[in-house]
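Q: Mind having a look at this structure? Questions to follow.
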Amino acid sequence: MVNAFFTPAMDQTLMHRPDSSPKTSERPRLGLALGSGAARGWAHVGVLRALDEWGVEVDVYAGCSVGALIGAARLLDIWDPFLDWARSLSAIDAMATFGISLSRGGVVNPDKAFTRFAEHDKPIEELPKPFAAVATDLATGHEVWLDRGSALNACRASSSVPMILQAARYQVGYTEHWLIDGGASNPVPVNLARALGAERVISVDLNTVTLALSRFNRPNTTAVIPAPDPDEGLTGPFAPLAKAFGGAKRDLVRRMALARAKSQAQPQLFETAAATIDIIQGQLAQARAYIDVADVRLTPDLSCASAAAFDHHEEFERIGYETAQAQKQEILAVAGLAPDISKSDDE
């Protein structure tokens, strides 16, 4: 159990108030709202790489799930070691690192992974810039803003993907709360970034272009496509023997293909759960984008990206970087920097 503080987002108030001291610069306070997406969070890394190259300074970080982890890693000054560790993960390694245990509404216990950087953990109140993570109260369904206490514990609760990662238990006073992934209530917390003091907000939404089970979008046809006969044209004294072995091989290949087709003819358990989460978060993120409007909204196309594809980090990071590049002038304008129109984005 974790003793922590959190603020119900309904109240639109924060226990950790943003710095109200006068600004030393004329540029607006810039907030970054980093959305949920598990392994797709590498796209956030690509976006941040682009911002760093352009000299764009982020003043406020608001994150959901992996977006909270990315923001916390920056502010806890563990950016490079965190990325090195994350790059070493494959889907199987992640399961082994996190630990399998069927309890608390999930099959994966991520506590072990979070202890890896425990020595660098700090209270959110002591971070160099305003930060908060969004989670969801399992009892009420309300979004919760985690704006005090351990930064890593806040990330742990914010990233408790339903049915996959176990729920996080929070103790506030004498009241116990079970928290799950913030993506269930607010996948891209633009409103949280503004509540933390951001005057302009850049959002990074990893869920709008969702991964669906495209193999079920099949053409309505019963046409049979004949397979080529590899033994056609065989001659010579060994032709009958070759054809006999070839026939056995073809039969085996066809049986394997039939078994594969049968297994894919209907949705499987975990892929259906993952696709459902993606679809719901995508629809919710799209709806909230009309309510909590960001000044610049980045939507990397990750439609072919599994949330568990940890070993595709280079591809996802590249997609995030290219998405930011495509909206460079908008980002620079919102950040209060003069758009560099003297150079092309390709330089």
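Scheme for the structure tokens: letters A, B, ... for chains in order shown; per-chain residue numbers from 1; ligand numbers from 1 in order shown.
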Compile a residue-level contact table for region 143-172 of chain A against region 74-78 of chain A at a cut-off of 12 Å, reporting for every qualifying residue the shortest atom pair and its distance in Å to one decimal, with only C-alpha atoms counted, rows ordered by chain and ascending number, as JSON lines.
A:
{"residue": "A:Ser150", "atom": "CA", "partner": "A:Leu76", "partner_atom": "CA", "distance": 11.0}
{"residue": "A:Ala151", "atom": "CA", "partner": "A:Leu76", "partner_atom": "CA", "distance": 8.4}
{"residue": "A:Leu152", "atom": "CA", "partner": "A:Leu76", "partner_atom": "CA", "distance": 9.4}
Q: Would you put the residues from that selection into a file with C-alpha atoms, as a short mmCIF file (atom, residue, chain, number, x, y, z; two decimals), in the first residue's frame?
A:
data_model
loop_
_atom_site.label_atom_id
_atom_site.label_comp_id
_atom_site.auth_asym_id
_atom_site.auth_seq_id
_atom_site.Cartn_x
_atom_site.Cartn_y
_atom_site.Cartn_z
CA SER A 150 6.27 10.04 -4.86
CA ALA A 151 6.68 10.77 -8.57
CA LEU A 152 7.25 7.10 -9.39
#
Q: Compare A:Ala333, A:Asn153, A:Gly282, A:Gln327 by their minimum atom-to-atom distance to Asp111 (chain A), counting only C-alpha atoms, and give me the closest one.
A: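 Selected residue with least distance to Asp111 (chain A): A:Asn153.
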Q: With region 41-50 of chain A as the partner and 9 Å as the cut-off, tabulate the residues of region 255-320 of chain A that qualify, each row holding the nearest pair of atoms and their distance in Å to one decimal, using only C-alpha atoms, sorted by chain and rising number, as a tab-separated table.
A:
residue	atom	partner	partner_atom	distance
A:Leu298	CA	A:Val47	CA	8.9
A:Pro300	CA	A:Ala43	CA	7.3
A:Leu302	CA	A:Ala43	CA	8.8
A:Ala307	CA	A:Gly41	CA	8.6
A:Phe310	CA	A:Trp42	CA	8.7
A:His312	CA	A:Trp42	CA	8.7
A:His313	CA	A:Trp42	CA	5.7
A:Glu314	CA	A:Trp42	CA	7.8
A:Glu315	CA	A:Trp42	CA	8.5
A:Phe316	CA	A:Ala43	CA	5.0
A:Glu317	CA	A:Gly46	CA	4.4
A:Arg318	CA	A:Gly46	CA	6.0
A:Ile319	CA	A:Ala43	CA	6.2
A:Gly320	CA	A:Ala43	CA	4.0
Q: Fewer than 5 positions away in the same chain doesn't count, so skip those; otherwise give me all residues within 9 Å of Leu284 (chain A), counting only C-alpha atoms, as a ChimeraX atom specification.
A: /A:183-187,208,279,289
Q: Let me see the file: selected residues, C-alpha atoms, as an mmCIF file, in the first residue's frame.
A:
data_model
loop_
_atom_site.group_PDB
_atom_site.id
_atom_site.type_symbol
_atom_site.label_atom_id
_atom_site.label_comp_id
_atom_site.auth_asym_id
_atom_site.auth_seq_id
_atom_site.Cartn_x
_atom_site.Cartn_y
_atom_site.Cartn_z
ATOM 1 C CA GLY A 183 -6.368 6.362 -20.093
ATOM 2 C CA ALA A 184 -9.712 5.080 -18.831
ATOM 3 C CA SER A 185 -10.807 8.652 -18.076
ATOM 4 C CA ASN A 186 -8.415 11.150 -19.692
ATOM 5 C CA PRO A 187 -5.882 9.706 -22.167
ATOM 6 C CA THR A 208 -6.393 8.702 -32.117
ATOM 7 C CA ILE A 279 -10.556 1.631 -29.439
ATOM 8 C CA ALA A 289 -9.886 16.891 -27.820
#
Q: Quick check, in Å to one decimal: how far apart do CA of Met256 (chain A) and CA of Thr272 (chain A) lie?
A: 23.5 Å
Q: Going by DSSP on the backbone, which residues of region 167-207 of chain A come out as helix (DSSP H, G or I)? List them as a PDB file with C-alpha atoms, in the first residue's frame.
A:
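And here is the file that came out, out_26.pdb:
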ATOM      1  CA  GLY A 182      -5.558   7.338 -16.530  1.00  0.00           C
ATOM      2  CA  GLY A 183      -6.368   6.362 -20.093  1.00  0.00           C
ATOM      3  CA  ALA A 184      -9.712   5.080 -18.831  1.00  0.00           C
ATOM      4  CA  VAL A 190      -4.595  18.851 -21.625  1.00  0.00           C
ATOM      5  CA  ASN A 191      -6.816  20.226 -18.832  1.00  0.00           C
ATOM      6  CA  LEU A 192      -4.288  19.069 -16.230  1.00  0.00           C
ATOM      7  CA  ALA A 193      -1.463  20.899 -18.016  1.00  0.00           C
ATOM      8  CA  ARG A 194      -3.496  24.118 -17.938  1.00  0.00           C
ATOM      9  CA  ALA A 195      -4.365  23.614 -14.255  1.00  0.00           C
TER      10      ALA A 195
END
Q: Quick one: pull the distance between CA of Tyr174 (chain A) and CA of Glu119 (chain A), Å, one decimal.
A: 27.8 Å
Q: Can you list, as a list in words, every protein, DNA or RNA residue that comes within 6 Å of Ala168 (chain A) when you count only C-alpha atoms, leaving out same-chain residues fewer than 6 positions away?
A: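 Selected residues are Ala157, Trp178 and Leu179 of chain A.
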Q: Would you mind telling me which residue in A:Leu51, A:Ala139, A:Pro189, A:Ser88 lies nearest to Ile291 (chain A) when using only C-alpha atoms?
A: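 Looking at the shortest contact to Ile291 (chain A), the residue is A:Pro189.
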Q: What is the distance between CA of Glu143 (chain A) and CA of Ala33 (chain A), in Å to one decimal?
A: 15.1 Å
